[in-house]
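**Q** Enclosed is the structure file protein_12.cif (mmCIF, C-alpha atoms).
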data_upload
loop_
_atom_site.group_PDB
_atom_site.id
_atom_site.type_symbol
_atom_site.label_atom_id
_atom_site.label_comp_id
_atom_site.auth_asym_id
_atom_site.auth_seq_id
_atom_site.Cartn_x
_atom_site.Cartn_y
_atom_site.Cartn_z
ATOM 1 C CA MET A 1 53.202 8.782 0.495
ATOM 2 C CA ARG A 2 51.777 11.064 3.089
ATOM 3 C CA SER A 3 49.016 9.434 5.063
ATOM 4 C CA VAL A 4 46.969 12.539 5.890
ATOM 5 C CA LEU A 5 45.274 13.436 2.623
ATOM 6 C CA TRP A 6 42.225 15.502 3.455
ATOM 7 C CA LEU A 7 41.655 18.352 5.846
ATOM 8 C CA SER A 8 38.851 20.872 5.607
ATOM 9 C CA VAL A 9 37.609 23.356 8.141
ATOM 10 C CA ILE A 10 34.241 24.940 7.486
ATOM 11 C CA ILE A 11 33.298 27.991 9.550
ATOM 12 C CA PRO A 12 30.704 30.013 7.614
ATOM 13 C CA VAL A 13 30.107 32.656 10.303
ATOM 14 C CA LEU A 14 27.081 34.104 8.569
ATOM 15 C CA GLY A 15 25.499 30.645 8.518
ATOM 16 C CA ILE A 16 25.560 30.032 12.271
ATOM 17 C CA ALA A 17 22.040 31.330 12.707
ATOM 18 C CA GLN A 18 19.320 28.723 12.219
ATOM 19 C CA GLU A 19 16.121 29.869 10.533
ATOM 20 C CA GLU A 20 12.755 28.774 11.842
ATOM 21 C CA GLN A 21 11.557 26.025 9.533
ATOM 22 C CA ASP A 22 8.345 24.086 9.015
ATOM 23 C CA THR A 23 9.079 21.144 11.300
ATOM 24 C CA THR A 24 6.374 19.065 9.615
ATOM 25 C CA TYR A 25 8.753 18.706 6.651
ATOM 26 C CA PHE A 26 12.138 18.448 8.331
ATOM 27 C CA ARG A 27 13.759 18.549 11.742
ATOM 28 C CA THR A 28 16.723 20.777 12.586
ATOM 29 C CA PHE A 29 19.196 20.142 15.403
ATOM 30 C CA PRO A 30 20.464 23.514 16.678
ATOM 31 C CA GLU A 31 20.891 22.029 20.170
ATOM 32 C CA LYS A 32 22.932 18.994 19.054
ATOM 33 C CA ILE A 33 26.552 18.245 18.203
ATOM 34 C CA THR A 34 26.887 15.704 15.412
ATOM 35 C CA VAL A 35 29.791 13.282 15.050
ATOM 36 C CA ARG A 36 30.045 11.567 11.672
ATOM 37 C CA ALA A 37 32.449 8.868 10.415
ATOM 38 C CA ALA A 38 32.737 7.869 6.774
ATOM 39 C CA LEU A 39 34.619 5.797 4.216
ATOM 40 C CA LEU A 40 35.137 7.988 1.148
ATOM 41 C CA ASN A 41 36.275 7.429 -2.405
ATOM 42 C CA THR A 42 36.903 10.560 -4.444
ATOM 43 C CA SER A 43 39.000 11.502 -7.460
ATOM 44 C CA ASN A 44 39.285 13.879 -10.391
ATOM 45 C CA ASP A 45 39.780 11.678 -13.483
ATOM 46 C CA VAL A 46 41.210 13.373 -16.595
ATOM 47 C CA ARG A 47 40.617 12.511 -20.278
ATOM 48 C CA VAL A 48 43.041 14.065 -22.757
ATOM 49 C CA THR A 49 42.590 14.244 -26.534
ATOM 50 C CA ASP A 50 45.875 15.035 -28.286
ATOM 51 C CA ARG A 51 45.383 17.927 -30.709
ATOM 52 C CA GLU A 52 47.805 16.457 -33.300
ATOM 53 C CA THR A 53 47.034 12.719 -33.271
ATOM 54 C CA ALA A 54 43.442 12.828 -31.886
ATOM 55 C CA ASP A 55 44.366 9.957 -29.545
ATOM 56 C CA ARG A 56 42.376 9.849 -26.291
ATOM 57 C CA PHE A 57 44.045 9.057 -22.972
ATOM 58 C CA LEU A 58 42.439 8.315 -19.619
ATOM 59 C CA LEU A 59 44.419 9.502 -16.608
ATOM 60 C CA LYS A 60 43.232 8.157 -13.273
ATOM 61 C CA PRO A 61 44.694 9.274 -9.938
ATOM 62 C CA ASN A 62 46.419 6.515 -7.978
ATOM 63 C CA THR A 63 45.111 7.440 -4.532
ATOM 64 C CA LYS A 64 41.395 7.118 -3.864
ATOM 65 C CA GLU A 65 40.068 5.799 -0.584
ATOM 66 C CA TYR A 66 40.288 7.340 2.853
ATOM 67 C CA LEU A 67 38.519 7.534 6.178
ATOM 68 C CA GLY A 68 36.767 10.714 7.219
ATOM 69 C CA LEU A 69 35.621 12.134 10.541
ATOM 70 C CA SER A 70 33.295 15.145 10.833
ATOM 71 C CA VAL A 71 32.115 17.161 13.800
ATOM 72 C CA LEU A 72 29.175 19.517 13.180
ATOM 73 C CA PHE A 73 27.433 22.151 15.258
ATOM 74 C CA ARG A 74 24.726 24.181 13.533
ATOM 75 C CA SER A 75 26.452 25.514 10.377
ATOM 76 C CA VAL A 76 29.983 24.929 11.612
ATOM 77 C CA GLU A 77 31.719 21.788 10.387
ATOM 78 C CA LEU A 78 35.180 20.305 10.865
ATOM 79 C CA ASP A 79 36.266 17.480 8.526
ATOM 80 C CA LEU A 80 39.392 15.359 8.819
ATOM 81 C CA GLY A 81 40.579 12.683 6.388
ATOM 82 C CA TYR A 82 43.123 9.885 6.619
ATOM 83 C CA SER A 83 44.230 7.339 4.021
ATOM 84 C CA PRO A 84 45.591 4.171 5.693
ATOM 85 C CA LYS A 85 47.695 1.779 3.632
ATOM 86 C CA PHE A 86 45.502 -1.223 4.428
ATOM 87 C CA LEU A 87 42.748 0.064 2.139
ATOM 88 C CA ARG A 88 42.863 -1.936 -1.086
ATOM 89 C CA ASP A 89 42.854 0.948 -3.550
ATOM 90 C CA ASN A 90 45.692 2.660 -1.684
ATOM 91 C CA LYS A 91 48.245 -0.135 -2.166
ATOM 92 C CA ASP A 92 51.124 0.203 -4.615
ATOM 93 C CA ASN A 93 50.522 3.919 -5.072
ATOM 94 C CA GLY A 94 54.186 4.834 -4.926
ATOM 95 C CA ASP A 95 54.664 8.570 -4.545
ATOM 96 C CA SER A 96 51.080 9.491 -5.443
ATOM 97 C CA LYS A 97 49.415 12.307 -3.511
ATOM 98 C CA LEU A 98 45.862 13.569 -3.172
ATOM 99 C CA PHE A 99 44.731 16.612 -1.233
ATOM 100 C CA THR A 100 41.099 17.740 -1.319
ATOM 101 C CA MET A 101 38.979 20.284 0.483
ATOM 102 C CA ASN A 102 35.201 20.465 0.130
ATOM 103 C CA PHE A 103 33.048 23.249 1.569
ATOM 104 C CA ARG A 104 29.297 23.752 1.617
ATOM 105 C CA MET A 105 27.674 26.879 3.068
ATOM 106 C CA PHE A 106 24.043 27.969 3.376
ATOM 107 C CA LEU A 107 22.687 31.502 3.619
ATOM 108 C CA GLY A 108 18.907 31.523 3.476
ATOM 109 C CA LYS A 109 17.904 29.735 0.274
ATOM 110 C CA TRP A 110 21.380 30.137 -1.226
ATOM 111 C CA MET A 111 23.879 27.274 -1.168
ATOM 112 C CA GLN A 112 27.570 27.704 -1.970
ATOM 113 C CA THR A 113 29.949 24.804 -2.615
ATOM 114 C CA ILE A 114 33.726 25.120 -2.960
ATOM 115 C CA ASP A 115 35.964 22.255 -4.099
ATOM 116 C CA PHE A 116 39.747 21.951 -4.162
ATOM 117 C CA TYR A 117 41.612 18.994 -5.702
ATOM 118 C CA SER A 118 45.388 18.683 -5.907
ATOM 119 C CA GLN A 119 46.694 15.408 -7.349
ATOM 120 C CA LYS A 120 50.111 13.984 -8.258
ATOM 121 C CA SER A 121 50.865 10.708 -10.058
ATOM 122 C CA PHE A 122 48.305 9.215 -12.434
ATOM 123 C CA THR A 123 47.759 5.900 -14.169
ATOM 124 C CA LEU A 124 47.568 6.207 -17.957
ATOM 125 C CA SER A 125 45.079 3.835 -19.647
ATOM 126 C CA LEU A 126 45.453 3.350 -23.407
ATOM 127 C CA ASN A 127 44.571 0.290 -25.523
ATOM 128 C CA ASP A 128 44.223 -1.998 -22.488
ATOM 129 C CA THR A 129 47.651 -0.882 -21.233
ATOM 130 C CA GLU A 130 48.274 0.910 -17.942
ATOM 131 C CA VAL A 131 51.367 2.953 -17.170
ATOM 132 C CA ILE A 132 52.105 4.918 -13.974
ATOM 133 C CA LEU A 133 53.070 8.543 -14.646
ATOM 134 C CA PRO A 134 54.582 9.827 -11.388
ATOM 135 C CA ASN A 135 55.208 13.409 -12.568
ATOM 136 C CA VAL A 136 51.756 14.248 -13.921
ATOM 137 C CA ARG A 137 49.904 16.737 -11.723
ATOM 138 C CA SER A 138 46.495 18.395 -11.674
ATOM 139 C CA LEU A 139 44.922 21.155 -9.619
ATOM 140 C CA LYS A 140 41.285 22.251 -9.605
ATOM 141 C CA ILE A 141 39.508 24.897 -7.551
ATOM 142 C CA GLY A 142 35.952 26.155 -7.942
ATOM 143 C CA GLY A 143 32.420 25.139 -7.167
ATOM 144 C CA GLY A 144 28.841 26.187 -7.592
ATOM 145 C CA THR A 145 26.272 28.693 -6.387
ATOM 146 C CA SER A 146 22.728 27.298 -6.148
ATOM 147 C CA TYR A 147 19.321 28.671 -5.185
ATOM 148 C CA ILE A 148 16.831 26.333 -3.457
ATOM 149 C CA PHE A 149 13.311 27.472 -4.353
ATOM 150 C CA ASN A 150 11.299 25.179 -2.056
ATOM 151 C CA GLU A 151 11.880 25.998 1.621
ATOM 152 C CA ASN A 152 10.442 22.591 2.589
ATOM 153 C CA PHE A 153 13.234 20.755 0.783
ATOM 154 C CA SER A 154 16.353 20.111 2.876
ATOM 155 C CA PHE A 155 19.670 19.774 1.050
ATOM 156 C CA ARG A 156 21.365 19.511 4.434
ATOM 157 C CA ALA A 157 19.515 16.200 4.936
ATOM 158 C CA ILE A 158 21.576 14.644 2.116
ATOM 159 C CA GLY A 159 24.715 16.784 2.256
ATOM 160 C CA PHE A 160 25.434 17.438 5.926
ATOM 161 C CA GLN A 161 22.953 15.065 7.593
ATOM 162 C CA ASN A 162 22.481 17.778 10.219
ATOM 163 C CA GLU A 163 18.806 17.992 9.237
ATOM 164 C CA TRP A 164 16.218 15.219 9.041
ATOM 165 C CA GLN A 165 13.748 15.294 6.132
ATOM 166 C CA GLN A 166 10.491 13.905 7.570
ATOM 167 C CA ARG A 167 8.101 14.500 4.661
ATOM 168 C CA SER A 168 8.861 14.068 0.966
ATOM 169 C CA ALA A 169 9.709 17.242 -0.912
ATOM 170 C CA GLY A 170 11.494 18.371 -4.068
ATOM 171 C CA SER A 171 12.850 21.643 -5.341
ATOM 172 C CA PHE A 172 13.943 23.371 -8.514
ATOM 173 C CA ILE A 173 17.612 24.307 -7.898
ATOM 174 C CA PRO A 174 19.417 26.228 -10.671
ATOM 175 C CA ARG A 175 23.212 26.346 -10.400
ATOM 176 C CA PHE A 176 26.045 28.612 -11.516
ATOM 177 C CA THR A 177 29.376 26.766 -11.823
ATOM 178 C CA PHE A 178 32.945 28.065 -11.995
ATOM 179 C CA TYR A 179 36.214 26.069 -12.029
ATOM 180 C CA TYR A 180 39.863 26.920 -12.604
ATOM 181 C CA SER A 181 42.091 23.944 -13.486
ATOM 182 C CA GLU A 182 45.767 23.291 -14.118
ATOM 183 C CA PHE A 183 47.157 20.177 -15.820
ATOM 184 C CA ASP A 184 50.925 19.598 -15.814
ATOM 185 C CA PHE A 185 51.851 16.748 -18.191
ATOM 186 C CA ASP A 186 55.490 15.831 -17.567
ATOM 187 C CA ILE A 187 55.913 12.566 -19.498
ATOM 188 C CA ASP A 188 59.453 11.558 -20.506
ATOM 189 C CA SER A 189 60.686 14.284 -22.857
ATOM 190 C CA VAL A 190 57.204 15.778 -23.332
ATOM 191 C CA GLN A 191 56.197 18.665 -21.091
ATOM 192 C CA GLU A 192 52.893 20.462 -21.532
ATOM 193 C CA PHE A 193 51.108 22.797 -19.163
ATOM 194 C CA ILE A 194 47.409 23.518 -19.718
ATOM 195 C CA HIS A 195 45.187 25.752 -17.650
ATOM 196 C CA THR A 196 41.458 26.241 -18.118
ATOM 197 C CA TYR A 197 38.608 28.426 -16.876
ATOM 198 C CA ASP A 198 35.111 26.921 -16.933
ATOM 199 C CA ILE A 199 31.900 28.920 -16.487
ATOM 200 C CA ALA A 200 28.451 27.334 -16.824
ATOM 201 C CA VAL A 201 24.866 27.884 -15.724
ATOM 202 C CA GLY A 202 21.849 25.615 -15.921
ATOM 203 C CA PRO A 203 18.663 24.294 -14.302
ATOM 204 C CA GLY A 204 18.429 21.477 -11.800
ATOM 205 C CA TYR A 205 15.963 19.519 -9.710
ATOM 206 C CA TYR A 206 16.321 17.387 -6.564
ATOM 207 C CA TYR A 207 13.799 15.264 -4.705
ATOM 208 C CA ASN A 208 13.876 13.677 -1.240
ATOM 209 C CA LEU A 209 11.541 10.686 -0.984
ATOM 210 C CA VAL A 210 10.812 9.781 2.649
ATOM 211 C CA ILE A 211 9.786 6.191 3.349
ATOM 212 C CA GLY A 212 8.304 5.386 6.739
ATOM 213 C CA ARG A 213 9.600 8.675 8.157
ATOM 214 C CA ASN A 214 13.094 7.312 8.916
ATOM 215 C CA PHE A 215 14.347 6.265 5.468
ATOM 216 C CA ILE A 216 15.192 8.597 2.606
ATOM 217 C CA ILE A 217 15.972 8.107 -1.074
ATOM 218 C CA SER A 218 17.255 11.237 -2.780
ATOM 219 C CA ALA A 219 18.133 11.913 -6.405
ATOM 220 C CA GLY A 220 18.669 14.906 -8.614
ATOM 221 C CA GLY A 221 21.105 16.914 -10.652
ATOM 222 C CA ASN A 222 21.923 19.892 -12.811
ATOM 223 C CA VAL A 223 22.723 20.265 -16.498
ATOM 224 C CA GLY A 224 24.497 23.401 -17.626
ATOM 225 C CA ALA A 225 26.121 25.032 -20.615
ATOM 226 C CA GLY A 226 28.764 27.697 -20.772
ATOM 227 C CA VAL A 227 32.181 28.637 -22.010
ATOM 228 C CA ASN A 228 35.717 27.329 -21.518
ATOM 229 C CA PHE A 229 38.931 29.338 -21.832
ATOM 230 C CA SER A 230 42.033 27.141 -22.305
ATOM 231 C CA SER A 231 45.698 27.761 -23.004
ATOM 232 C CA ASP A 232 48.829 25.635 -23.243
ATOM 233 C CA ASN A 233 52.508 26.343 -23.852
ATOM 234 C CA THR A 234 51.892 28.102 -27.158
ATOM 235 C CA GLU A 235 48.206 28.747 -27.870
ATOM 236 C CA SER A 236 44.882 29.678 -26.304
ATOM 237 C CA ALA A 237 41.298 28.952 -27.289
ATOM 238 C CA THR A 238 37.677 29.605 -26.306
ATOM 239 C CA THR A 239 35.199 26.748 -26.685
ATOM 240 C CA PHE A 240 31.747 25.541 -25.667
ATOM 241 C CA LEU A 241 31.455 23.828 -22.275
ATOM 242 C CA PHE A 242 28.976 21.157 -21.186
ATOM 243 C CA GLU A 243 28.593 20.563 -17.444
ATOM 244 C CA ALA A 244 26.499 17.974 -15.602
ATOM 245 C CA ASN A 245 26.174 17.265 -11.897
ATOM 246 C CA ALA A 246 24.257 14.252 -10.548
ATOM 247 C CA ARG A 247 23.700 13.257 -6.926
ATOM 248 C CA SER A 248 21.942 10.337 -5.237
ATOM 249 C CA ALA A 249 21.629 9.215 -1.638
ATOM 250 C CA VAL A 250 20.061 6.497 0.487
ATOM 251 C CA GLY A 251 19.911 6.948 4.229
ATOM 252 C CA TYR A 252 18.401 6.256 7.616
ATOM 253 C CA ASN A 253 17.783 9.066 10.086
ATOM 254 C CA SER A 254 16.491 9.383 13.636
ATOM 255 C CA GLU A 255 16.792 11.718 16.594
ATOM 256 C CA ARG A 256 20.194 10.326 17.595
ATOM 257 C CA PHE A 257 21.550 7.923 14.969
ATOM 258 C CA PHE A 258 21.888 8.152 11.191
ATOM 259 C CA ALA A 259 23.657 6.232 8.396
ATOM 260 C CA GLY A 260 23.665 6.003 4.633
ATOM 261 C CA VAL A 261 25.390 6.301 1.254
ATOM 262 C CA ASN A 262 26.044 9.445 -0.803
ATOM 263 C CA ALA A 263 27.203 9.542 -4.419
ATOM 264 C CA ASN A 264 28.021 12.564 -6.551
ATOM 265 C CA TYR A 265 29.283 12.829 -10.136
ATOM 266 C CA ILE A 266 30.401 15.948 -12.018
ATOM 267 C CA VAL A 267 31.520 15.964 -15.652
ATOM 268 C CA LEU A 268 33.062 18.878 -17.566
ATOM 269 C CA GLU A 269 33.375 18.417 -21.344
ATOM 270 C CA ARG A 270 34.891 20.922 -23.765
ATOM 271 C CA ASN A 271 34.744 21.191 -27.559
ATOM 272 C CA GLU A 272 37.718 20.464 -29.803
ATOM 273 C CA SER A 273 40.138 23.395 -30.207
ATOM 274 C CA SER A 274 43.731 24.266 -31.073
ATOM 275 C CA VAL A 275 44.641 23.392 -27.491
ATOM 276 C CA SER A 276 44.778 19.729 -26.445
ATOM 277 C CA ARG A 277 41.288 18.888 -25.202
ATOM 278 C CA VAL A 278 41.046 18.027 -21.519
ATOM 279 C CA ASP A 279 37.766 16.679 -20.114
ATOM 280 C CA ASP A 280 37.496 15.754 -16.480
ATOM 281 C CA GLU A 281 35.201 13.922 -14.107
ATOM 282 C CA ILE A 282 34.861 14.371 -10.356
ATOM 283 C CA VAL A 283 33.575 11.241 -8.628
ATOM 284 C CA PHE A 284 32.543 11.097 -4.968
ATOM 285 C CA LEU A 285 31.241 8.056 -3.081
ATOM 286 C CA GLU A 286 30.703 7.983 0.669
ATOM 287 C CA PHE A 287 29.482 5.439 3.223
ATOM 288 C CA TYR A 288 28.753 7.144 6.539
ATOM 289 C CA LEU A 289 27.285 6.714 9.995
ATOM 290 C CA GLY A 290 26.845 9.234 12.767
ATOM 291 C CA PHE A 291 25.465 10.108 16.164
ATOM 292 C CA ARG A 292 24.010 13.280 17.704
ATOM 293 C CA PHE A 293 24.389 14.271 21.333
ATOM 294 C CA ASP A 294 23.324 17.297 23.359
ATOM 295 C CA ALA A 295 25.621 20.307 23.077
ATOM 296 C CA PRO A 296 26.963 21.803 26.323
ATOM 297 C CA LYS A 297 24.802 24.618 27.678
ATOM 298 C CA LYS A 298 27.757 27.023 27.591
ATOM 299 C CA LEU A 299 28.234 26.387 23.864
ATOM 300 C CA LEU A 300 24.528 26.964 23.173
ATOM 301 C CA LYS A 301 24.586 30.213 25.153
ATOM 302 C CA TRP A 302 27.694 31.408 23.326
ATOM 303 C CA ALA A 303 26.113 30.671 19.919
ATOM 304 C CA ASP A 304 22.839 32.381 20.853
ATOM 305 C CA ASP A 305 24.705 35.418 22.216
ATOM 306 C CA PHE A 306 26.789 35.584 19.044
ATOM 307 C CA ASN A 307 23.684 35.466 16.839
ATOM 308 C CA GLU A 308 21.970 38.153 18.904
ATOM 309 C CA LYS A 309 25.002 40.426 18.930
ATOM 310 C CA PHE A 310 25.484 40.324 15.156
ATOM 311 C CA GLY A 311 21.767 40.204 14.299
ATOM 312 C CA LEU A 312 21.888 36.745 12.722
#
Transcribe the structure of this file into structure tokens.

**A**
Amino acid sequence: MRSVLWLSVIIPVLGIAQEEQDTTYFRTFPEKITVRAALLNTSNDVRVTDRETADRFLLKPNTKEYLGLSVLFRSVELDLGYSPKFLRDNKDNGDSKLFTMNFRMFLGKWMQTIDFYSQKSFTLSLNDTEVILPNVRSLKIGGGTSYIFNENFSFRAIGFQNEWQQRSAGSFIPRFTFYYSEFDFDIDSVQEFIHTYDIAVGPGYYYNLVIGRNFIISAGGNVGAGVNFSSDNTESATTFLFEANARSAVGYNSERFFAGVNANYIVLERNESSVSRVDDEIVFLEFYLGFRFDAPKKLLKWADDFNEKFGL
């Protein structure tokens, strides 16, 4: 099993500029470089309902936990991930593989997320029995476009931790979601390939509760409805889609040091159709700590010159 499982580079050029914000609600750090270490657990679990027998199967990926390191400067982020064998959930995984990339970009009040999950080898759970399926694969790419109505609410304070929410605030945040998924079920003599397109839109609300200025408790989510287009080896179908996204966080923040826990859960459920029904869940849990230090003057000058040159 390859040990390097996660690598994402985030360079949203249009997001390098930092808007002037009401510092009574949150603190920005355009002059700081942030280093962030984390223990992460993420997966894309798959539930399959056979169209002929109506049996339901739970497929869980075998590889879950890894260590992450992030370096952030303004809206530029570099994330690296590594899955050492000494982590408990990574033992006895055989030839399982997990590769994920997660992006988040901000442009004014707009927030764009992009997710990529590629997984090989799952554990099948059925009637209290577990079987390893080494040739089952899944791939998912997509994300969501959100609009943050309240300019005093900082999503970066719970997503990036490169802002510090100093006064409680909440915001209505509607979200448009799109995902493309592939599921390759190669089990003994049975081979089935399913691919799906999911489109959903719905309202959402998030709230950051600040306790004693330094501590934050955040919770919120979105609920959406839309349409799913699915096809397998022989047939295709269009069905109703239900989508839900929930996030919670607990953290400590200060001028230099920060730490906390982030959790995120996404579920995509489709109606029954002529194609085998595939529902999936994306689970993300992160324990992190980080430190901010002053950026070199040459880097600050380069960033300011870049913003001025391109009118950002």

**Q** Which residues fall under the PyMOL selection byres ((chain A and resi 33-47) around 9) in this file, as a PyMOL selection string?

**A** chain A and resi 29-32+48-49+56-74+81+98+100+117-119+122+138+140+161-162+256+258-259+277-296

**Q** By how many Å are atom CA of A:Phe215 and atom CA of A:Ile266 apart?

**A**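 A separation of 25.6 Å between them.
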
**Q** To one decimal in Å, tell me the separation between atom CA of A:Ile141 and atom CA of A:Tyr180.

**A**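 Atom CA of A:Tyr180 lies 5.5 Å from atom CA of A:Ile141.
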
**Q** Counting all atoms listed in the file, which residue out of A:Ala200, A:Met101, A:Leu124, A:Ala263 sits closest to A:Ile217?

**A** A:Ala263

**Q** Here's the selection I'm unsure about, the PyMOL selection byres ((chain A and resi 172) around 7); applied to the file above, which residues does it give, as number ranges by chain?

**A** A: 148-149, 171, 173-174, 204-206

**Q** For atom CA of A:Arg156 and atom CA of A:Ala246, determine how far apart the two atoms are, in Å to one decimal place.

**A**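 So the two atoms, atom CA of A:Arg156 and atom CA of A:Ala246, lie 16.1 Å apart.
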
**Q** Looking at all atoms listed in the file, which of A:Leu139, A:Val267, A:Leu241, A:Val201 is the one that sits closest to A:Phe116?

**A**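 Smallest distance to A:Phe116 is found for A:Leu139.
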
**Q** Find the residue from A:Ile187, A:Ile194, A:Ala169, A:Ile132 that sits nearest to A:Asp232; use all atoms listed in the file when measuring.

**A**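 Distance minimum relative to A:Asp232 lands on A:Ile194.
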
**Q** Nearest to A:Glu269: which of A:Glu235, A:Glu243, A:Asp115, A:Glu163 is it, counting all atoms listed in the file?

**A**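 Closest to A:Glu269, using all atoms listed in the file: A:Glu243.
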
**Q** Name the closest residue to A:Thr238 among the candidates A:Leu107, A:Ile114, A:Val250, A:Ile199; distances are taken between atoms, counting only C-alpha atoms.

**A**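 Among the listed residues, A:Ile199 lies closest to A:Thr238.
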
**Q** Would you list the residues near (22.7, 14.2, -7.3) (no more than 6 Å away, in the coordinates of the file, using all atoms listed in the file) as a VMD selection string?

**A** chain A and resid 219 to 221 246 to 248 264

**Q** Restricting the calculation to all atoms listed in the file, which member of A:His195, A:Lys109, A:Arg270, A:Arg213 is positioned closest to A:Gly251?

**A**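 Smallest separation from A:Gly251 among the options: A:Arg213.
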
**Q** Would you write out, as number ranges by chain, every residue that the PyMOL selection byres ((chain A and resi 234) around 10) captures in this file?

**A** A: 192-194, 231-233, 235-236, 274-275

**Q** Name the residues within 10 Å of (27.5, 27.4, -8.9), counting only C-alpha atoms in the file's coordinates, and put them as number ranges by chain.

**A** A: 111-114, 142-147, 174-179, 199-202
